[in-house]
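**Q** For reference, this is my_file-v2.cif, and it has mmCIF, C-alpha atoms.
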data_entry
#
loop_
_atom_site.label_atom_id
_atom_site.label_comp_id
_atom_site.auth_asym_id
_atom_site.auth_seq_id
_atom_site.Cartn_x
_atom_site.Cartn_y
_atom_site.Cartn_z
CA MET L 1 89.05 -113.44 -132.51
CA MET L 2 90.81 -113.40 -129.19
CA GLY L 3 92.48 -116.64 -128.35
CA GLY L 4 93.30 -117.45 -124.75
CA MET L 5 96.97 -117.29 -123.86
CA THR L 6 97.09 -120.36 -121.62
CA GLU L 7 100.15 -121.48 -119.77
CA ASP L 8 102.30 -123.89 -121.72
CA PRO L 9 105.10 -125.54 -119.69
CA GLY L 10 107.15 -126.03 -122.84
CA GLY L 11 106.29 -122.67 -124.39
CA ALA L 12 107.94 -119.28 -124.30
CA GLY L 13 107.62 -116.98 -121.33
CA PRO L 14 105.66 -113.71 -121.28
CA ALA L 15 108.67 -111.62 -122.33
CA VAL L 16 109.34 -113.74 -125.42
CA ARG L 17 105.65 -113.81 -126.28
CA ALA L 18 105.51 -110.04 -126.04
CA GLN L 19 108.46 -109.78 -128.43
CA LEU L 20 106.81 -112.14 -130.91
CA LEU L 21 103.54 -110.21 -130.73
CA ALA L 22 105.35 -106.90 -131.16
CA THR L 23 107.12 -108.25 -134.25
CA GLU L 24 103.79 -109.17 -135.80
CA HIS L 25 102.36 -105.81 -134.76
CA TRP L 26 105.14 -103.88 -136.48
CA SER L 27 104.78 -106.08 -139.54
CA LEU L 28 101.10 -105.18 -139.81
CA LEU L 29 101.87 -101.49 -139.29
CA ALA L 30 104.56 -101.52 -141.98
CA THR L 31 102.33 -103.35 -144.46
CA ARG L 32 99.46 -100.98 -143.74
CA SER L 33 101.68 -97.93 -144.25
CA GLN L 34 103.12 -99.33 -147.48
CA THR L 35 99.64 -100.14 -148.79
CA TRP L 36 98.30 -96.63 -148.26
CA SER L 37 101.47 -95.03 -149.59
CA GLU L 38 101.00 -96.96 -152.83
CA VAL L 39 97.29 -96.11 -152.96
CA MET L 40 97.87 -92.39 -152.43
CA GLY L 41 100.47 -92.47 -155.19
CA ARG L 42 97.93 -93.98 -157.56
CA ILE L 43 95.30 -91.42 -156.59
CA THR L 44 97.76 -88.59 -157.20
CA ALA L 45 98.73 -90.01 -160.60
CA GLN L 46 95.07 -90.41 -161.55
CA PHE L 47 94.17 -86.84 -160.63
CA THR L 48 97.22 -85.57 -162.50
CA PHE L 49 96.04 -87.45 -165.60
CA ALA L 50 92.50 -86.08 -165.20
CA SER L 51 93.78 -82.52 -164.75
CA ALA L 52 96.04 -82.79 -167.79
CA SER L 53 93.12 -84.09 -169.86
CA LEU L 54 91.01 -81.08 -168.87
CA VAL L 55 93.83 -78.74 -169.87
CA VAL L 56 94.11 -80.45 -173.27
CA LEU L 57 90.35 -80.14 -173.81
CA ALA L 58 90.36 -76.47 -172.80
CA LEU L 59 93.21 -75.62 -175.17
CA THR L 60 91.61 -77.60 -178.00
CA LEU L 61 88.29 -75.85 -177.43
CA GLN L 62 89.96 -72.46 -177.80
CA VAL L 63 91.51 -73.48 -181.11
CA VAL L 64 88.80 -75.48 -182.91
CA GLY L 65 85.63 -74.78 -180.92
CA VAL L 66 82.91 -77.37 -180.35
CA ASN L 67 83.07 -79.49 -183.49
CA ASN L 68 83.27 -83.20 -184.27
CA SER L 69 87.02 -83.28 -183.73
CA PHE L 70 86.62 -81.79 -180.27
CA ARG L 71 83.83 -84.23 -179.40
CA ILE L 72 85.92 -87.21 -180.52
CA LEU L 73 88.83 -86.01 -178.41
CA ALA L 74 86.53 -85.40 -175.43
CA VAL L 75 85.05 -88.90 -175.69
CA TRP L 76 88.46 -90.51 -176.03
CA LEU L 77 89.99 -88.63 -173.11
CA GLY L 78 86.86 -89.02 -170.98
CA THR L 79 86.81 -92.77 -171.57
CA SER L 80 90.51 -93.08 -170.79
CA VAL L 81 90.23 -91.06 -167.57
CA LEU L 82 87.13 -93.00 -166.50
CA ILE L 83 88.81 -96.37 -167.09
CA THR L 84 91.94 -95.47 -165.15
CA GLY L 85 89.82 -93.78 -162.49
CA THR L 86 87.70 -96.89 -162.07
CA LEU L 87 90.82 -99.03 -161.68
CA THR L 88 92.13 -96.57 -159.10
CA ALA L 89 88.83 -96.64 -157.20
CA LEU L 90 88.90 -100.44 -157.18
CA ARG L 91 92.39 -100.36 -155.72
CA VAL L 92 91.26 -97.92 -153.04
CA ARG L 93 88.29 -100.16 -152.25
CA ASN L 94 90.53 -103.21 -151.90
CA ALA L 95 92.94 -101.25 -149.72
CA SER L 96 90.08 -100.13 -147.48
CA GLN L 97 88.97 -103.72 -146.99
CA GLN L 98 92.57 -104.73 -146.29
CA ASP L 99 92.84 -101.90 -143.80
CA LEU L 100 89.81 -103.27 -141.97
CA MET L 101 91.58 -106.60 -141.59
CA PHE L 102 94.83 -104.91 -140.54
CA VAL L 103 92.96 -103.15 -137.75
CA ALA L 104 91.25 -106.38 -136.73
CA GLY L 105 94.63 -108.12 -136.59
CA MET L 106 96.20 -105.38 -134.47
CA ASN L 107 93.20 -105.45 -132.14
CA ARG L 108 93.79 -109.17 -131.62
CA LEU L 109 97.40 -108.46 -130.76
CA ARG L 110 96.34 -105.87 -128.19
CA ALA L 111 94.06 -108.50 -126.68
CA ALA L 112 97.12 -110.73 -126.32
CA TYR L 113 99.03 -107.86 -124.68
CA LEU L 114 96.17 -107.51 -122.20
CA GLU L 115 96.37 -111.19 -121.37
CA ILE L 116 100.05 -110.74 -120.58
CA ASP L 117 99.47 -107.56 -118.55
CA PRO L 118 95.80 -106.65 -117.88
CA GLY L 119 96.95 -103.48 -116.14
CA ILE L 120 97.66 -101.67 -119.43
CA LYS L 121 93.99 -101.68 -120.42
CA ASP L 122 93.31 -98.20 -119.02
CA TYR L 123 96.13 -96.78 -121.16
CA LEU L 124 94.82 -98.03 -124.51
CA VAL L 125 93.04 -95.50 -126.73
CA THR L 126 92.35 -98.07 -129.45
CA GLY L 127 90.32 -101.26 -129.44
CA TRP L 128 91.39 -104.73 -128.33
CA THR L 129 88.57 -106.83 -129.80
CA ASP L 130 88.13 -107.79 -133.43
CA ASP L 131 84.37 -107.32 -133.52
CA PRO L 132 82.80 -104.28 -135.25
CA ALA L 133 82.64 -102.36 -131.95
CA GLY L 134 86.33 -102.91 -131.26
CA ILE L 135 87.32 -101.98 -134.81
CA LEU L 136 85.23 -98.82 -134.64
CA ARG L 137 86.94 -97.92 -131.36
CA THR L 138 90.31 -98.14 -133.11
CA TYR L 139 89.18 -95.96 -136.00
CA ASP L 140 87.37 -93.41 -133.81
CA MET L 141 89.57 -93.46 -130.69
CA ASP L 142 86.40 -92.71 -128.70
CA VAL L 143 85.51 -89.70 -130.88
CA LYS L 144 81.95 -90.52 -131.87
CA ARG L 145 81.28 -90.35 -135.60
CA SER L 146 78.37 -91.61 -137.63
CA GLY L 147 78.73 -94.37 -140.18
CA LEU L 148 77.72 -91.89 -142.88
CA SER L 149 80.58 -89.61 -141.85
CA HIS L 150 83.07 -92.48 -142.17
CA PHE L 151 81.70 -93.36 -145.59
CA LEU L 152 81.61 -89.85 -147.06
CA ALA L 153 85.08 -88.98 -145.77
CA SER L 154 86.72 -92.11 -147.17
CA ALA L 155 89.30 -92.03 -149.94
CA PHE L 156 87.14 -94.44 -151.94
CA VAL L 157 84.20 -92.03 -152.01
CA PHE L 158 86.53 -89.16 -152.90
CA ALA L 159 87.97 -91.04 -155.88
CA GLY L 160 84.54 -92.37 -156.81
CA ALA L 161 82.96 -88.91 -156.76
CA VAL L 162 85.49 -87.66 -159.31
CA ASN L 163 84.73 -90.69 -161.49
CA ILE L 164 81.00 -90.02 -161.25
CA ILE L 165 81.51 -86.46 -162.49
CA ILE L 166 83.62 -87.76 -165.38
CA ALA L 167 80.99 -90.40 -166.21
CA ALA L 168 78.29 -87.73 -166.26
CA GLY L 169 80.35 -85.53 -168.57
CA LEU L 170 81.14 -88.44 -170.87
CA GLY L 171 77.50 -89.43 -171.09
CA ALA L 172 76.49 -85.85 -171.85
CA VAL L 173 79.10 -85.53 -174.61
CA LEU L 174 77.97 -88.79 -176.20
CA ALA L 175 74.34 -87.68 -176.05
CA ASN L 176 75.18 -84.30 -177.55
CA THR L 177 77.19 -85.96 -180.30
CA ALA L 178 74.18 -88.13 -181.11
CA GLY L 179 72.10 -84.98 -181.60
CA THR L 180 70.23 -84.93 -178.30
CA GLY L 181 68.89 -81.55 -177.21
CA GLY L 182 69.90 -79.63 -174.10
CA LEU L 183 67.46 -81.25 -171.67
CA GLY L 184 68.09 -84.69 -173.11
CA THR L 185 71.84 -84.21 -172.76
CA VAL L 186 71.43 -83.28 -169.09
CA LEU L 187 69.18 -86.27 -168.43
CA VAL L 188 71.57 -88.69 -170.14
CA GLY L 189 74.48 -87.27 -168.15
CA ALA L 190 72.56 -87.63 -164.89
CA ALA L 191 71.46 -91.17 -165.75
CA THR L 192 75.04 -92.14 -166.62
CA ALA L 193 76.29 -90.76 -163.31
CA LEU L 194 73.60 -92.65 -161.39
CA LEU L 195 74.32 -95.90 -163.22
CA TYR L 196 78.05 -95.59 -162.63
CA ALA L 197 77.56 -94.79 -158.94
CA THR L 198 75.32 -97.83 -158.54
CA LEU L 199 77.77 -100.17 -160.26
CA VAL L 200 80.72 -98.93 -158.21
CA PHE L 201 79.37 -98.17 -154.74
CA LEU L 202 76.94 -101.05 -154.20
CA PRO L 203 79.58 -103.82 -154.57
CA ALA L 204 81.91 -101.86 -152.30
CA HIS L 205 79.19 -101.53 -149.66
CA HIS L 206 78.33 -105.22 -149.83
CA GLY L 207 82.01 -106.16 -149.56
CA TYR L 208 82.47 -103.98 -146.49
CA ARG L 209 79.35 -105.37 -144.82
CA ALA L 210 80.47 -108.92 -145.63
CA ALA L 211 83.83 -108.28 -143.96
CA LEU L 212 82.12 -106.90 -140.85
CA THR L 213 79.76 -109.88 -140.78
CA LEU L 214 82.73 -112.25 -141.01
CA LEU L 215 84.43 -110.54 -138.08
CA ALA L 216 81.21 -110.45 -136.06
CA SER L 217 80.78 -114.20 -136.57
CA HIS L 218 83.90 -114.91 -134.49
CA PRO L 219 83.41 -115.33 -130.76
CA THR L 220 85.07 -112.34 -129.12
CA ASP L 221 85.64 -111.46 -125.50
CA ASN L 222 84.66 -107.84 -124.99
CA GLU L 223 86.38 -107.59 -121.64
CA THR L 224 89.68 -108.89 -120.36
CA ASP L 225 89.77 -110.30 -116.87
#
Hey, can you dump this file as C-alpha cells for me?
**A**
Amino acid sequence: MMGGMTEDPGGAGPAVRAQLLATEHWSLLATRSQTWSEVMGRITAQFTFASASLVVLALTLQVVGVNNSFRILAVWLGTSVLITGTLTALRVRNASQQDLMFVAGMNRLRAAYLEIDPGIKDYLVTGWTDDPAGILRTYDMDVKRSGLSHFLASAFVFAGAVNIIIAAGLGAVLANTAGTGGLGTVLVGAATALLYATLVFLPAHHGYRAALTLLASHPTDNETD
C-alpha cells in the first residue's frame, strides 16, 4: 500500500526520509537473508537425515534380508523422516509466505523513493507497488514466467516432493507388512502419496492465495507521477 509522502512543515526533509527508508530497506533485506539461510540449513539437515536412513536400510537389507525386523526398522525410519520432513516443509511454506510480505514491504519502500525522486523510475528493475503485479515484477524482473513455473521451482515443492516419495514408500511397506499383494501394495503407496500431497499442498496454496488477496485489497497506485 503506497502512502503519499506529503509535505510536513515540522517533518524531516527528503534526505533524512531517504535515510530512514534505506534503514528499513536494509532491515528487511537482512531479515529475509537470515530467514532463508536458516531454512536452507534445515533443508540440508533433513536431506542428510533422509540419506542416512536410506544407507541404514540398505546395509540392514544386505545383512538380514526382507524380514519382520527389516520392516519394523523401515517403518520406524520412514515415519521419523516423514515427520521431520513435514516439519521442514511447513517451515519452508511459512518462509515463502514471509518472503512474499518482505517483497511487498520493499516494494512500498521503492514507491516512497519514487515520491522523493520520480526520475529514478526508469532505473528500477524490480516493482514499486505492493499489488500482485508489482510483487511478480520483483520476483521476475521482467522475465516472464508462468505461475506453474514459480510453483514447481519453489523450495517448498522440492521439499514436499521428497516427503511424498517417503510417504508412498512408508504406505507400501505398511501394506506389505499387513500381507497385501504386489498390486495392492502399489495402490496403497500411491494412495498414501496422493493423500499426503493433498494435506500438505492445498493448505499452502490457500495460504498463498489469501496473502495475495490481502495485498490486492489495498488501494495501490500503479504509476508514480
**Q** Skip region 117-127 of chain L itself and residues of its chain fewer than 6 positions away, then list as a PDB file with C-alpha atoms, in the frame of the given file all residues within 7 Å of it, counting all atoms listed in the file.
**A**
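Okay, this is what ended up in result-v9.pdb:
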ATOM      1  CA  ASN L 107      93.200-105.450-132.140  1.00  0.00           C
ATOM      2  CA  GLY L 134      86.330-102.910-131.260  1.00  0.00           C
ATOM      3  CA  ILE L 135      87.320-101.980-134.810  1.00  0.00           C
ATOM      4  CA  ARG L 137      86.940 -97.920-131.360  1.00  0.00           C
ATOM      5  CA  THR L 138      90.310 -98.140-133.110  1.00  0.00           C
ATOM      6  CA  MET L 141      89.570 -93.460-130.690  1.00  0.00           C
ATOM      7  CA  THR L 224      89.680-108.890-120.360  1.00  0.00           C
TER       8      THR L 224
END
**Q** Compare L:Val81, L:Leu61, L:Ala155, L:Val103 by their minimum atom-to-atom distance to Leu136 (chain L), counting only C-alpha atoms, and give me the closest one.
**A**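 For Leu136 (chain L), the nearest of the given residues is L:Val103.
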**Q** Excluding region 175-180 of chain L and residues on its chain fewer than 3 positions from it, collect all residues at most 8 Å away from it, counting all atoms listed in the file, and give them as a short mmCIF file (atom, residue, chain, number, x, y, z; two decimals) with C-alpha atoms, keeping the file's coordinate frame.
**A**
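The result, stored in selection.cif:
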data_model
loop_
_atom_site.label_atom_id
_atom_site.label_comp_id
_atom_site.auth_asym_id
_atom_site.auth_seq_id
_atom_site.Cartn_x
_atom_site.Cartn_y
_atom_site.Cartn_z
CA ASN L 68 83.27 -83.20 -184.27
CA ARG L 71 83.83 -84.23 -179.40
CA GLY L 171 77.50 -89.43 -171.09
CA ALA L 172 76.49 -85.85 -171.85
CA GLY L 184 68.09 -84.69 -173.11
CA THR L 185 71.84 -84.21 -172.76
CA VAL L 188 71.57 -88.69 -170.14
CA GLY L 189 74.48 -87.27 -168.15
#
**Q** So, counting only C-alpha atoms, which residue among L:Leu202, L:Leu90, L:Ala104, L:Ala112 is closest to Asn163 (chain L)?
**A**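 Comparing L:Leu202, L:Leu90, L:Ala104, L:Ala112 against Asn163 (chain L), the winner is L:Leu90.
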**Q** Would you work out the distance separating CA of Glu24 (chain L) from CA of Ala89 (chain L), expressed in Å to one decimal?
**A**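 Taking CA of Glu24 (chain L) as the start and CA of Ala89 (chain L) as the end point, the length is 29.0 Å.
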**Q** Would you compute the distance between CA of Val75 (chain L) and CA of Gly41 (chain L)? Give it in Å to one decimal.
**A**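 Between CA of Val75 (chain L) and CA of Gly41 (chain L) the gap is 25.9 Å.
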**Q** May I ask for the distance between CA of Leu174 (chain L) and CA of Ile83 (chain L), given in Å to one decimal place?
**A**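 Here the two named atoms are 16.1 Å from each other.
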**Q** For a quick check of understanding, using all atoms listed in the file, which of L:Leu100, L:Ala204, L:Ala167, L:Val143 has the smallest distance to Ala191 (chain L)?
**A**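 The shortest atom-to-atom distance to Ala191 (chain L) comes from L:Ala167.
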**Q** With a distance cut-off of 9 Å and all atoms listed in the file, select the neighbouring residues of Ala50 (chain L), excluding the residue or stretch itself and same-chain residues fewer than 2 positions from it, and output the selection as a PyMOL selection string.
**A** chain L and resi 45-48+52-55+77-78+81-82+85
**Q** Skipping near chain neighbours, those fewer than 5 positions away, what residues fall within 9 Å of Leu28 (chain L) using all atoms listed in the file, listed as a PyMOL selection string?
**A** chain L and resi 23+33+102-103+105-106
**Q** Considering only C-alpha atoms, can you say which of L:Ala30, L:Leu87, L:Val63, L:Val56 comes closest to Ala159 (chain L)?
**A** L:Leu87
